[in-house]
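Asker: Sharing a structure here in structure tokens format.
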Amino acid sequence: MTLLKVTDLAKTFGPNPVLRGIDLDVEAGERIAILGASGSGKSTLLRCLNFMEMPDSGTVTLDDRVVGRNEKELVKVRQRIGMVFQQFNLFPHMTAIGNVMEGLRTVRRFSKADAHARAEKELARVGLADKAETYPAHLSGGQKQRVAIARALAMDPELLLFDEPTSALDPELVGEVLNVIRALAEEGRTMLLVTHELGFAYHVATRVIFLADGTIHEQGTPDEVLKHPKKERTQVFLARHKEFSL
Amino acid sequence: MSYRWDFAPVLASGPLLAEGLVNTLKVTGVALGCGLVLGLALALMRLSRHRLASWPAGFVIEVFRTTPPLVQLFWFFFALPMIVGIEMTPFLAACVTFSIQSSAFFAEVFRAGIQSIERGQWDGARAIGMTHAQALQRIILPQAVKRMIPAFMERSIELMKTTTLVATISYADLLFAANEVSQKTFRPLETYTVVALIYFVVIFIASQLARLLELRLAKSGESTVH
Amino acid sequence: MKWDFASILDNSDALLVGAAGTVHIFAICLVLGLTLGLVVGLGRYARTPWFHWPATAFVEFFRNTPVLVQILWFYFALPILLPFEISPLAAAALGISLNSAAFSAEIYRGGIQSIEPGQWDGARSLGMSWGEAMRRIILPQALKRMTPALTNRAIEIFKMSTLASAVAYVELLQQGKLIASLNYNPIEAYTAVALIFFVFLWPMVQFTYLLERRLRRSE
């Protein structure tokens with residue numbers, strides 16, 4: 001079942017055409033890794049999918065319905081798509097559990113008790129049940145990102161978007177976050193993952209997309225793209241990442 | 001040249017001065033309360049994407065920051081009643097003038113505070129499906145307000161000083177009372193000295209409290225990572 | 001409702017006289033306030049108690065009392081102690097200047113303190129005295145940073161000139177009052193006065209924004 005369908009998506013920032021006609025079908029249960037050099041439009045693509053950025057042209061279809069541009073509809077769409085950011089973007093004036101509860105209480109209108117119970121479950125799922133009452137300022141980077149993941153999960157998203165979730169983390173903290181993402185993958189969650197962790201992408205993704213010049217330069221299974229890339233630019237990109245990858 | 005200082009008559013008029021002080025605080029209090037609420041509204045309008053909101057707000061803010069408060073006071077006391085055809089007491093004129101005047105300054109403090117919250121917070125809020133209003137109310141403003149408190153305190157103390165202008169339209173504040181007492185007792189030197197000291201003490205205490213609050217806020221980790 | 005701006009134009013020379021008075025007192029208070037402010041600011045910056053404490057007392061007192069109170073004190077109270085009269089201009093100028101001196105003293109102090117100690121080291125190592133280092137090295141750099149805040153002060157001083165009308169000094173607002181009472185047209189009179197101030201001050205305010213932007217870019 002096609003969950004998300006992107007047709008001819010384009011976005012220009014000032015004089016720079018960052019995305020030039022992206023076509024993408026996302027089936028339920030797929031795990032798509034998006035790779036590319038910086039400035040290739042990976043984050044922009046992700047942010048266009050939940051309309052955090054407004055595409056200049058093209059359509060995004062969720063569940064066979066083309067998503068319109070009015071704010072009311074977009075707010076509903078964002079409730080169905082979860083996003084995890086490179087900079088975590090936790091709310092510093094709320095505890096960990098407060099962060100996770102926030103969407104449920106304010107957006108979904110859960111009661112405080114229901115939201116709390118659900119939030120506890122999600123925090124336990126990412127292994128941070130004991131940090132529920134801790135403020136983000138006292139959490140490590142890895143813990144913060146895991147809370148951010150719990151916050152996104154609490155909304156029961158049909159699709160998860162990860163925007164370089166480990167790029168801002170110290171190396172020794174990357175593993176705990178990747179483990180959580182791997183567990184989610186094994187549950188069969190649909191996700192798009194922008195990452196530089198090529199090894200992780202190889203083991204977890206069902207499809208790999210390489211972006212260059214604002215279009216999908218090459219895509220295929222992890223074996224095809226990461227081990228036997230056909231196009232030259234893909235090969236150049238992977239060569240530069242050799243020391244971190246397979 | 002030796003002048004015999006005599007504070008007794010002034011101190012005898014204590015009740016009159018006390019009443020004046022109360023009236024000063026009344027006007028300051030009303031202007032402060034209304035100014036804060038109006039200031040937030042103006043700031044949100046100013047930040048809005050719709051020109052119908054941001055232009056009038058910008059106009060009000062610019063006009064009330066770029067014209068002298070005394071001119072505004074005279075305009076509201078003498079000119080407005082003739083346009084609108086209502087009775088304008090000194091108290092009402094004072095409250096209206098200083099509410100709007102302080103709101104213009106508060107609006108700028110609110111605006112700076114809201115804009116100082118990093119964009120990632122908006123991202124985090126919108127990503128879980130919050131509307132603009134929900135994001136503002138639950139995520140942005142609570143963080144911004146903490147940062148704006150020093151500026152608010154500063155503005156409030158300024159307001160306390162600005163309200164002395166009401167004496168010029170015969171509102172019975174402390175300064176007006178000073179004038180009365182001075183004429184009654186024929187002791188302008190002692191009267192005005194005492195009144196100046198009263199103002200100093202009240203405002204000095206207020207600004208020291210503000211400084212204490214600032215220090216406590218700084219200690220409670222306002223500067224920590226976001 | 002009939003708006004009567006014609007009478008305003010008839011009284012334009014009265015307004016001109018007022019404007020002249022405003023600019024006159026503005027100039028006096030600007031010079032006095034900013035110069036005295038520098039002296040007091042240096043006193044605030046100094047660590048010797050003999051300079052520091054009087055300067056602090058000055059700043060605390062004149063920042064925490066309303067200007068109008070000070071003006072009225074100088075006009076009504078001071079003449080009792082002195083063998084001569086104090087004119088409205090003198091009283092208003094004294095009040096506004098001392099108040100501005102207190103505020104600008106803090107601007108100067110902040111500006112001087114923001115220059116990193118390395119600059120002092122460099123100056124002293126060349127054998128400069130404290131005064132020479134301050135004059136040749138520290139102040140010139142500090143002044144650049146302080147310009148936006150000092151321009152803001154100037155704008156405040158311009159607005160404060162209206163307080164002189166409380167002691168009947170002939171400036172714009174005072175003339176406005178006169179016109180209003182003679183022609184029974186407070187709406188037009190005070191609107192005209194407000195407009196004139198806006199026309200004077202708005203460019204100054206925009207200039208301050210420009211200065212702030214340039215400063216931020218160059219730092």
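Residues are referred to by chain and number: the chain letter is A, B, ... according to the order shown in the structure tokens, the number counts from 1 in that chain, and ligands are numbered separately from 1 in the order shown.
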DSSP on the backbone, helix (DSSP H, G or I) only: what residues of segment 3-233 of chain A does that give? Format it as a PyMOL selection string.

Answerer: chain A and resi 42-49+71-80+96-107+112-125+129-131+136-138+141-153+171-186+198-204+222-227+232-233

Asker: With a distance cut-off of 12 Å and only C-alpha atoms, select the neighbouring residues of Arg182 of chain A, excluding the residue or stretch itself and same-chain residues fewer than 3 positions from it, and output the selection as a compact mmCIF listing (two decimals) with C-alpha atoms, in the first residue's frame.

Answerer:
# COMPACT_ATOMS: atom_id res chain seq x y z
CA ARG A 31 12.77 2.08 5.36
CA VAL A 126 13.43 4.23 24.36
CA GLY A 175 25.01 3.94 19.23
CA GLU A 176 22.20 4.31 21.77
CA VAL A 177 20.14 6.33 19.31
CA LEU A 178 20.80 4.02 16.37
CA ASN A 179 19.72 1.08 18.50
CA ALA A 185 12.68 -0.60 12.02
CA GLU A 186 12.32 -4.16 13.23
CA GLU A 187 8.77 -3.37 14.31
CA GLY A 188 8.02 -2.64 10.69
CA ARG A 189 7.63 1.13 10.95
CA THR A 190 7.73 3.17 7.79
CA MET A 191 10.60 5.64 7.93
CA LEU A 193 16.18 8.49 7.27
CA PHE A 200 23.63 1.70 9.69
CA ALA A 201 21.83 2.54 6.45
CA TYR A 202 23.17 -0.63 4.89
CA HIS A 203 21.82 -2.85 7.65
CA VAL A 204 18.52 -1.17 8.36
CA ALA A 205 17.26 0.35 5.11

Asker: Could you give me, as number ranges by chain, the residues within 12 Å of segment 16-19 of chain B, counting only C-alpha atoms and dropping anything in the same chain fewer than 4 positions from it?

Answerer: B: 9-12, 23-26, 171-182, 184, 191-192, 194-196, 198-199

Asker: Sorted by chain and rising residue number, which residues of chain C lie within 7 Å of chain B, and what are their closest atom pairs and distances in Å to one decimal, counting only C-alpha atoms, as CSV?

Answerer:
residue,atom,partner,partner_atom,distance
C:Phe61,CA,B:Phe200,CA,6.7
C:Asn64,CA,B:Phe200,CA,5.4
C:Thr65,CA,B:Phe200,CA,5.1
C:Pro66,CA,B:Lys161,CA,4.8
C:Leu68,CA,B:Thr164,CA,6.9
C:Val69,CA,B:Ala196,CA,6.3
C:Trp73,CA,B:Tyr192,CA,5.6
C:Phe76,CA,B:Pro188,CA,5.9
C:Ala77,CA,B:Leu189,CA,3.9
C:Leu78,CA,B:Leu189,CA,6.7
C:Ile80,CA,B:Leu189,CA,6.6
C:Leu81,CA,B:Tyr3,CA,7.0
C:Lys159,CA,B:Pro68,CA,4.7
C:Met160,CA,B:Pro68,CA,6.9
C:Thr162,CA,B:Leu70,CA,6.6
C:Ala166,CA,B:Thr168,CA,6.7
C:Leu173,CA,B:Val71,CA,6.8
C:Pro186,CA,B:Ala79,CA,5.1
C:Ile187,CA,B:Ala79,CA,4.2
C:Tyr190,CA,B:Trp75,CA,5.6
C:Ala194,CA,B:Thr67,CA,6.1
C:Phe197,CA,B:Thr67,CA,5.8
C:Phe198,CA,B:Thr67,CA,5.6
C:Leu201,CA,B:Thr66,CA,6.0
C:Trp202,CA,B:Thr66,CA,6.2

Asker: Hey, can you spit out that residue selection with N, CA and C atoms as a tab-separated table (two decimals), in the first residue's frame?

Answerer:
chain	number	residue	atom	x	y	z
C	61	PHE	N	21.02	58.65	42.33
C	61	PHE	CA	20.00	59.65	42.64
C	61	PHE	C	19.30	60.15	41.39
C	64	ASN	N	17.03	57.61	39.59
C	64	ASN	CA	15.87	57.12	40.32
C	64	ASN	C	14.92	58.21	40.77
C	65	THR	N	15.08	59.42	40.25
C	65	THR	CA	14.08	60.45	40.51
C	65	THR	C	13.56	60.94	39.17
C	66	PRO	N	12.25	61.22	39.10
C	66	PRO	CA	11.70	61.67	37.83
C	66	PRO	C	12.23	63.04	37.46
C	68	LEU	N	10.84	65.52	35.93
C	68	LEU	CA	9.94	66.64	36.22
C	68	LEU	C	10.11	67.11	37.66
C	69	VAL	N	10.29	66.17	38.57
C	69	VAL	CA	10.51	66.53	39.97
C	69	VAL	C	11.78	67.35	40.11
C	73	TRP	N	12.13	71.16	41.31
C	73	TRP	CA	12.99	71.46	42.45
C	73	TRP	C	13.93	72.61	42.11
C	76	PHE	N	11.62	75.87	41.84
C	76	PHE	CA	10.96	76.39	43.04
C	76	PHE	C	11.83	76.35	44.30
C	77	ALA	N	12.62	75.29	44.42
C	77	ALA	CA	13.33	75.09	45.68
C	77	ALA	C	14.69	75.75	45.70
C	78	LEU	N	15.44	75.56	44.63
C	78	LEU	CA	16.81	76.08	44.61
C	78	LEU	C	16.90	77.59	44.82
C	80	ILE	N	15.51	79.49	46.67
C	80	ILE	CA	15.47	79.84	48.09
C	80	ILE	C	16.87	79.87	48.67
C	81	LEU	N	17.71	78.94	48.18
C	81	LEU	CA	19.05	78.85	48.72
C	81	LEU	C	20.02	79.82	48.07
C	159	LYS	N	12.95	64.48	23.47
C	159	LYS	CA	11.58	64.31	23.96
C	159	LYS	C	11.39	64.99	25.30
C	160	MET	N	12.42	64.96	26.13
C	160	MET	CA	12.29	65.55	27.47
C	160	MET	C	12.17	67.06	27.43
C	162	THR	N	10.08	68.77	26.21
C	162	THR	CA	8.69	69.19	26.43
C	162	THR	C	8.40	69.44	27.90
C	166	ALA	N	6.44	72.79	31.60
C	166	ALA	CA	5.86	72.80	32.94
C	166	ALA	C	6.27	74.05	33.72
C	173	LEU	N	5.77	72.56	22.79
C	173	LEU	CA	4.53	72.20	23.47
C	173	LEU	C	3.90	73.42	24.13
C	186	PRO	N	-7.72	72.64	20.33
C	186	PRO	CA	-6.70	71.74	20.87
C	186	PRO	C	-6.37	70.57	19.95
C	187	ILE	N	-7.38	70.09	19.21
C	187	ILE	CA	-7.12	68.94	18.35
C	187	ILE	C	-6.03	69.28	17.34
C	190	TYR	N	-2.50	70.34	19.14
C	190	TYR	CA	-1.66	69.27	19.69
C	190	TYR	C	-1.29	68.24	18.64
C	194	ALA	N	2.48	67.20	17.84
C	194	ALA	CA	2.90	65.79	17.79
C	194	ALA	C	3.54	65.48	16.45
C	197	PHE	N	7.10	66.90	16.17
C	197	PHE	CA	8.05	66.06	16.89
C	197	PHE	C	8.35	64.78	16.13
C	198	PHE	N	7.28	64.17	15.60
C	198	PHE	CA	7.46	62.93	14.85
C	198	PHE	C	8.40	63.16	13.67
C	201	LEU	N	11.92	63.49	14.99
C	201	LEU	CA	12.52	62.35	15.68
C	201	LEU	C	12.59	61.09	14.83
C	202	TRP	N	11.64	60.91	13.94
C	202	TRP	CA	11.64	59.65	13.19
C	202	TRP	C	12.93	59.42	12.42

Asker: Find the residues in chain A near chain B: any atom within 6 Å counts, using only C-alpha atoms. Write them as a ChimeraX atom specification.

Answerer: /A:75,78-79,89,103,107

Asker: May I have the selected residues written with N, CA and C atoms, as a compact mmCIF listing (two decimals), in the first residue's frame?

Answerer:
# COMPACT_ATOMS: atom_id res chain seq x y z
N VAL A 75 -1.73 21.00 9.70
CA VAL A 75 -1.61 20.64 11.12
C VAL A 75 -2.02 19.19 11.32
N ARG A 78 0.68 16.84 9.94
CA ARG A 78 1.87 16.73 10.80
C ARG A 78 1.61 15.86 12.01
N GLN A 79 0.35 15.68 12.36
CA GLN A 79 0.06 14.76 13.46
C GLN A 79 0.26 13.31 13.02
N ASN A 89 15.61 19.76 19.32
CA ASN A 89 14.48 20.69 19.47
C ASN A 89 13.52 20.27 20.57
N GLY A 103 2.45 16.87 22.94
CA GLY A 103 1.64 16.68 21.74
C GLY A 103 0.30 16.06 22.07
N VAL A 107 -2.32 18.88 21.37
CA VAL A 107 -2.79 18.67 20.01
C VAL A 107 -3.90 17.61 19.97

Asker: Could you please determine the separation between atom CA of Leu178 of chain C and atom CA of Phe91 of chain B in Å, to one decimal place?

Answerer: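 Going from atom CA of Leu178 of chain C over to atom CA of Phe91 of chain B, I get 23.2 Å.
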
Asker: Excluding segment 8-20 of chain A and any residue of its chain fewer than 5 positions from it, enumerate the residues within 12 Å of it, using only C-alpha atoms, and give them as a PyMOL selection string.

Answerer: chain A and resi 25+38-49+51+53-61+211-217

Asker: Do you know which residues are at most 12 Å from segment 40-53 of chain C counting only C-alpha atoms, after dropping those on the same chain fewer than 4 positions away, and could you put them as JSON, numbers by chain?

Answerer: {"C": [32, 33, 34, 35, 36, 57, 58, 59, 60, 62, 98, 99, 100, 101, 102, 103, 104, 105, 106, 107, 108, 109, 110, 111, 112, 113, 114, 130, 131, 134, 135, 138, 139]}

Asker: Grab the atom CA of Glu122 of chain A to atom CA of Leu160 of chain A distance for me, in Å with one decimal place.

Answerer: 14.8 Å

Asker: Report as a list of chain:residue names all protein, DNA and RNA residues lying within 9 Å of Leu211 of chain C, evaluated on only C-alpha atoms, omitting residues in the same chain fewer than 4 positions from it.

Answerer: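 These residues fall inside the cut-off: C:Thr147, C:Pro148, C:Gln206, C:Phe207, C:Leu215, C:Arg216.
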
Asker: Output N, CA and C atoms for every residue in that selection, as a PDB file, in the first residue's frame.

Answerer:
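And here's selection.pdb as it stands now:
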ATOM      1  N   THR C 147      27.931  54.559  20.414  1.00  0.00           N
ATOM      2  CA  THR C 147      27.165  55.516  19.623  1.00  0.00           C
ATOM      3  C   THR C 147      25.671  55.208  19.549  1.00  0.00           C
ATOM      4  N   PRO C 148      25.248  53.975  19.309  1.00  0.00           N
ATOM      5  CA  PRO C 148      23.801  53.753  19.284  1.00  0.00           C
ATOM      6  C   PRO C 148      23.130  54.137  20.590  1.00  0.00           C
ATOM      7  N   GLN C 206      15.444  56.241  12.924  1.00  0.00           N
ATOM      8  CA  GLN C 206      15.906  55.398  11.812  1.00  0.00           C
ATOM      9  C   GLN C 206      17.431  55.400  11.746  1.00  0.00           C
ATOM     10  N   PHE C 207      18.031  56.556  12.000  1.00  0.00           N
ATOM     11  CA  PHE C 207      19.479  56.664  11.998  1.00  0.00           C
ATOM     12  C   PHE C 207      20.085  55.752  13.060  1.00  0.00           C
ATOM     13  N   LEU C 215      27.087  48.683  13.314  1.00  0.00           N
ATOM     14  CA  LEU C 215      27.938  48.262  14.417  1.00  0.00           C
ATOM     15  C   LEU C 215      27.984  46.747  14.511  1.00  0.00           C
ATOM     16  N   ARG C 216      26.787  46.128  14.392  1.00  0.00           N
ATOM     17  CA  ARG C 216      26.743  44.679  14.505  1.00  0.00           C
ATOM     18  C   ARG C 216      27.554  44.026  13.405  1.00  0.00           C
TER      19      ARG C 216
END

Asker: What is the distance between atom CA of Asn70 of chain A and atom CA of Leu136 of chain B, in Å to one decimal?

Answerer: 18.8 Å

Asker: Give me, as a PyMOL selection string, the residues of chain A that a backbone DSSP run labels strand (DSSP E).

Answerer: chain A and resi 2-13+16-27+31-36+57-62+65-66+81-84+159-163+191-194+207-212+215-220

Asker: How would the residues just chosen look if you wrote them out with C-alpha atoms as a tab-separated table (two decimals), in the first residue's frame?

Answerer:
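Output file out.tsv is given in full below:
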chain	number	residue	atom	x	y	z
A	2	THR	CA	1.49	3.31	-1.04
A	3	LEU	CA	1.55	5.45	2.04
A	4	LEU	CA	3.14	8.57	0.60
A	5	LYS	CA	3.46	9.64	-3.01
A	6	VAL	CA	5.63	12.56	-4.04
A	7	THR	CA	5.25	13.89	-7.55
A	8	ASP	CA	7.59	16.37	-9.21
A	9	LEU	CA	8.49	18.16	-5.98
A	10	ALA	CA	10.54	21.32	-6.46
A	11	LYS	CA	11.86	23.96	-4.06
A	12	THR	CA	14.08	26.97	-4.64
A	13	PHE	CA	15.73	29.07	-1.97
A	16	ASN	CA	19.34	28.21	-5.61
A	17	PRO	CA	17.09	25.47	-6.95
A	18	VAL	CA	17.56	22.97	-4.13
A	19	LEU	CA	15.02	20.38	-5.27
A	20	ARG	CA	14.26	19.92	-8.95
A	21	GLY	CA	11.45	17.53	-9.59
A	22	ILE	CA	11.56	14.67	-7.07
A	23	ASP	CA	9.33	11.65	-7.65
A	24	LEU	CA	9.07	9.22	-4.78
A	25	ASP	CA	6.68	6.47	-3.69
A	26	VAL	CA	6.86	5.25	-0.12
A	27	GLU	CA	5.20	1.90	0.64
A	31	ARG	CA	12.77	2.08	5.36
A	32	ILE	CA	14.40	4.55	3.00
A	33	ALA	CA	17.84	5.98	3.64
A	34	ILE	CA	18.53	9.29	1.90
A	35	LEU	CA	22.15	10.12	1.21
A	36	GLY	CA	23.86	13.02	-0.45
A	57	SER	CA	5.60	23.02	-7.02
A	58	GLY	CA	4.66	19.35	-7.15
A	59	THR	CA	2.32	17.36	-4.96
A	60	VAL	CA	2.50	15.22	-1.88
A	61	THR	CA	-0.20	12.58	-1.59
A	62	LEU	CA	-0.90	10.96	1.75
A	65	ARG	CA	-5.37	12.36	-0.86
A	66	VAL	CA	-3.32	15.21	-2.21
A	81	ILE	CA	3.98	12.18	10.34
A	82	GLY	CA	6.63	12.19	13.04
A	83	MET	CA	9.88	14.10	12.72
A	84	VAL	CA	13.14	13.82	14.63
A	159	LEU	CA	5.50	7.65	8.93
A	160	LEU	CA	8.71	8.70	10.71
A	161	LEU	CA	11.15	11.24	9.30
A	162	PHE	CA	14.67	11.32	10.74
A	163	ASP	CA	16.73	14.37	9.75
A	191	MET	CA	10.60	5.64	7.93
A	192	LEU	CA	12.73	7.98	5.88
A	193	LEU	CA	16.18	8.49	7.27
A	194	VAL	CA	18.62	11.21	6.21
A	207	ARG	CA	15.95	1.20	-0.07
A	208	VAL	CA	18.73	3.74	-0.48
A	209	ILE	CA	18.37	7.00	-2.38
A	210	PHE	CA	21.29	9.17	-3.40
A	211	LEU	CA	20.46	12.83	-4.01
A	212	ALA	CA	22.56	15.09	-6.18
A	215	THR	CA	17.19	15.09	-8.08
A	216	ILE	CA	17.34	11.39	-7.27
A	217	HIS	CA	20.61	10.46	-8.88
A	218	GLU	CA	20.51	6.80	-8.05
A	219	GLN	CA	18.34	4.52	-5.96
A	220	GLY	CA	18.04	0.86	-5.19

Asker: May I have the residues within 7 Å of Phe26 of chain C as a PyMOL selection string, using only C-alpha atoms and disregarding those fewer than 6 positions away in the same chain?

Answerer: chain C and resi 157-158+161
